[in-house]
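Heads up: the structure comes next, in C-alpha cells.
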Amino acid sequence: MDILSKTDDEVYELAKPIWDNLVKSSNLKDYGGFTKDFSTQMLFGANEVELGKQWANNKIITNLKETFEPFGCLRRGVHITILIKQTNKEISGEFLGRLVLGEEDGAVKVFGATIY
C-alpha cells in the first residue's frame, strides 16, 4: 500500500481506527493495546515503565474523549503526519494530536503519536 499517494480523506480513514485505539488504550492505561500498531522503531522508545509514569502523572492523556477531528496531513519523506483536534473529558479546551504513519513490512504502522 502506498499511503503517500492517498488523499487526505483516505488517510483519515486509515488513521481513524488507529487513533481510536490509542485513545481507548491510553484512557485504560493499557500498554499492550496502546502499542499494538507501533512500528519497531516506536517500540524501542515506548517501554512500559515510562508509559506507566506518563499515565500516572498526566490527566490529559488518560481522560481523552472518544471523538476527534482530523484537520490536516503533512507528507514528509516516507511518513504522513495527521493533525488531530482532540478534546478531554476533564480539561476544557482543545488539544493538538499528532499521529505519524508509515509502512513497515507491508502494514501501516505508528511512527509517532503525541498530544500537546
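A note on labels: chains of the C-alpha cells are A, B, ... as shown, every chain counts residues from 1, and ligands are counted from 1 in their shown order.
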- Query: Could you name the residues that touch region 91-103 of chain A at 6 Å or less, counting only C-alpha atoms, but leaving out those on the same chain fewer than 2 positions away, as a ChimeraX atom specification?
  - Reply: /A:79-88,107-116
Go ahead and dump the residues you just picked, C-alpha atoms, as a tab-separated table (two decimals), in the first residue's frame.
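File produced: part17.tsv:
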chain	number	residue	atom	x	y	z
A	79	HIS	CA	5.69	9.30	6.55
A	80	ILE	CA	2.40	11.14	6.82
A	81	THR	CA	1.61	13.24	9.88
A	82	ILE	CA	-2.08	13.58	10.62
A	83	LEU	CA	-3.04	16.64	12.68
A	84	ILE	CA	-5.95	15.98	15.02
A	85	LYS	CA	-8.16	18.21	17.17
A	86	GLN	CA	-8.65	16.27	20.40
A	87	THR	CA	-10.69	17.10	23.50
A	88	ASN	CA	-10.61	15.85	27.07
A	107	ALA	CA	1.39	-2.74	7.01
A	108	VAL	CA	0.53	0.78	8.17
A	109	LYS	CA	2.31	1.42	11.47
A	110	VAL	CA	2.64	4.25	14.01
A	111	PHE	CA	5.96	6.08	13.85
A	112	GLY	CA	4.92	8.87	16.22
A	113	ALA	CA	1.97	9.84	18.42
A	114	THR	CA	1.69	12.82	20.73
A	115	ILE	CA	-0.83	15.21	22.26
A	116	TYR	CA	0.04	18.82	23.06
- Message: Using DSSP assignments from the backbone, pull out every residue in region 30-116 of chain A that falls under strand (DSSP E or B) and give it to me as a PyMOL selection string.
- Response: chain A and resi 38+64-76+79-88+94-104+107-115
- Item | Leu51 (chain A) environment, 10 Å, only C-alpha atoms, sequence neighbours closer than 3 positions dropped, as JSON, numbers by chain | {"A": [26, 29, 30, 31, 34, 45, 46, 47, 48, 54, 55, 56]}
- Task: Would you mind listing what lies within 10 Å of region 22-25 of chain A as a VMD selection string, with only C-alpha atoms counted and same-chain residues fewer than 2 positions away left out?
- Result: chain A and resid 16 to 20 27 to 37 61 to 68 86 99 113
Next, dump the selected residues to file, keeping only N, CA, C and O atoms, as a compact mmCIF listing (two decimals), in the first residue's frame.
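Output below, filename out35.txt:
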# COMPACT_ATOMS: atom_id res chain seq x y z
N LYS A 16 -8.19 6.62 11.48
CA LYS A 16 -9.27 6.60 12.47
C LYS A 16 -9.20 5.40 13.42
O LYS A 16 -9.21 5.59 14.64
N PRO A 17 -9.15 4.15 12.93
CA PRO A 17 -9.12 3.04 13.89
C PRO A 17 -7.85 3.02 14.73
O PRO A 17 -7.87 2.58 15.90
N ILE A 18 -6.76 3.51 14.19
CA ILE A 18 -5.51 3.55 14.93
C ILE A 18 -5.61 4.58 16.06
O ILE A 18 -5.27 4.30 17.21
N TRP A 19 -6.10 5.78 15.74
CA TRP A 19 -6.24 6.82 16.77
C TRP A 19 -7.29 6.41 17.80
O TRP A 19 -7.11 6.61 19.00
N ASP A 20 -8.41 5.82 17.33
CA ASP A 20 -9.43 5.32 18.26
C ASP A 20 -8.80 4.38 19.28
O ASP A 20 -9.08 4.47 20.48
N ASN A 27 -6.65 5.83 27.78
CA ASN A 27 -7.60 6.04 28.87
C ASN A 27 -7.59 4.86 29.85
O ASN A 27 -7.75 5.04 31.05
N LEU A 28 -7.42 3.65 29.32
CA LEU A 28 -7.40 2.44 30.15
C LEU A 28 -6.01 2.15 30.72
O LEU A 28 -5.86 1.21 31.51
N LYS A 29 -5.02 2.91 30.28
CA LYS A 29 -3.62 2.66 30.67
C LYS A 29 -3.19 1.24 30.30
O LYS A 29 -2.56 0.53 31.06
N ASP A 30 -3.56 0.86 29.09
CA ASP A 30 -3.32 -0.49 28.57
C ASP A 30 -2.12 -0.48 27.63
O ASP A 30 -2.25 -0.15 26.45
N TYR A 31 -0.96 -0.85 28.14
CA TYR A 31 0.28 -0.81 27.37
C TYR A 31 0.20 -1.69 26.11
O TYR A 31 0.56 -1.26 25.03
N GLY A 32 -0.25 -2.92 26.25
CA GLY A 32 -0.32 -3.84 25.11
C GLY A 32 -1.22 -3.32 24.01
O GLY A 32 -0.87 -3.37 22.83
N GLY A 33 -2.38 -2.82 24.39
CA GLY A 33 -3.30 -2.24 23.41
C GLY A 33 -2.74 -0.98 22.78
O GLY A 33 -2.84 -0.76 21.58
N PHE A 34 -2.13 -0.15 23.62
CA PHE A 34 -1.60 1.14 23.16
C PHE A 34 -0.50 0.95 22.11
O PHE A 34 -0.42 1.69 21.14
N THR A 35 0.33 -0.05 22.28
CA THR A 35 1.49 -0.23 21.39
C THR A 35 1.25 -1.21 20.26
O THR A 35 2.16 -1.46 19.47
N LYS A 36 0.05 -1.74 20.10
CA LYS A 36 -0.18 -2.81 19.14
C LYS A 36 0.08 -2.41 17.68
O LYS A 36 0.44 -3.24 16.87
N ASP A 37 -0.07 -1.15 17.34
CA ASP A 37 0.15 -0.69 15.97
C ASP A 37 1.50 0.02 15.80
O ASP A 37 1.75 0.62 14.75
N ILE A 61 -3.77 12.74 28.96
CA ILE A 61 -3.71 11.53 28.14
C ILE A 61 -4.48 10.34 28.73
O ILE A 61 -4.52 9.28 28.11
N THR A 62 -5.12 10.53 29.87
CA THR A 62 -5.90 9.43 30.45
C THR A 62 -7.39 9.75 30.57
O THR A 62 -8.15 8.97 31.14
N ASN A 63 -7.80 10.87 30.00
CA ASN A 63 -9.20 11.28 30.04
C ASN A 63 -9.65 11.83 28.69
O ASN A 63 -10.41 12.79 28.61
N LEU A 64 -9.19 11.21 27.63
CA LEU A 64 -9.49 11.70 26.29
C LEU A 64 -10.91 11.34 25.88
O LEU A 64 -11.39 10.23 26.16
N LYS A 65 -11.58 12.27 25.21
CA LYS A 65 -12.89 11.96 24.63
C LYS A 65 -12.68 11.06 23.42
O LYS A 65 -11.65 11.13 22.75
N GLU A 66 -13.67 10.22 23.16
CA GLU A 66 -13.58 9.27 22.06
C GLU A 66 -13.77 9.93 20.69
O GLU A 66 -13.49 9.31 19.67
N THR A 67 -14.23 11.15 20.67
CA THR A 67 -14.43 11.86 19.41
C THR A 67 -13.21 12.73 19.13
O THR A 67 -12.56 13.23 20.05
N PHE A 68 -12.90 12.88 17.86
CA PHE A 68 -11.79 13.72 17.45
C PHE A 68 -12.03 14.21 16.03
O PHE A 68 -12.91 13.70 15.34
N GLN A 86 -8.24 17.22 19.37
CA GLN A 86 -8.65 16.27 20.40
C GLN A 86 -9.15 17.02 21.63
O GLN A 86 -8.61 18.06 21.98
N LEU A 99 -0.33 12.24 14.78
CA LEU A 99 -0.16 10.82 14.51
C LEU A 99 0.68 10.68 13.25
O LEU A 99 0.30 11.15 12.19
N ALA A 113 3.30 9.50 17.91
CA ALA A 113 1.97 9.84 18.42
C ALA A 113 2.16 10.72 19.66
O ALA A 113 2.80 10.31 20.61
- Task: Measuring atom to atom with only C-alpha atoms, identify which of A:Asp2, A:Asp8, A:Asn57, A:Glu104 is nearest to Leu74 (chain A).
- Result: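 For Leu74 (chain A), the nearest of the candidates is A:Asp8.
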- Message: Counting only C-alpha atoms, which residue out of A:Asp105, A:Glu90, A:Phe38, A:Asp9 sits closest to Asn21 (chain A)?
- Response: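 Using only C-alpha atoms, the shortest distance to Asn21 (chain A) belongs to A:Phe38.
For the pair CA of Lys59 (chain A) and CA of Lys89 (chain A), the separation is 9.4 Å.
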- Query: Can you list, as a PyMOL selection string, every protein, DNA or RNA residue that comes within 12 Å of Thr7 (chain A) when you count only C-alpha atoms, leaving out same-chain residues fewer than 3 positions away?
  - Reply: chain A and resi 2-4+10-14+72-75+80+82
- Separation of CA of Gly77 (chain A) from CA of Met42 (chain A) in Å: 17.0 Å
- Task: Choose the residue, out of A:Ser39, A:Lys53, A:Asn58, A:Val78, that has the smallest atom-to-atom separation from Ser5 (chain A); count only C-alpha atoms.
- Result: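 Once distances to Ser5 (chain A) are computed over only C-alpha atoms, the minimum belongs to A:Val78.
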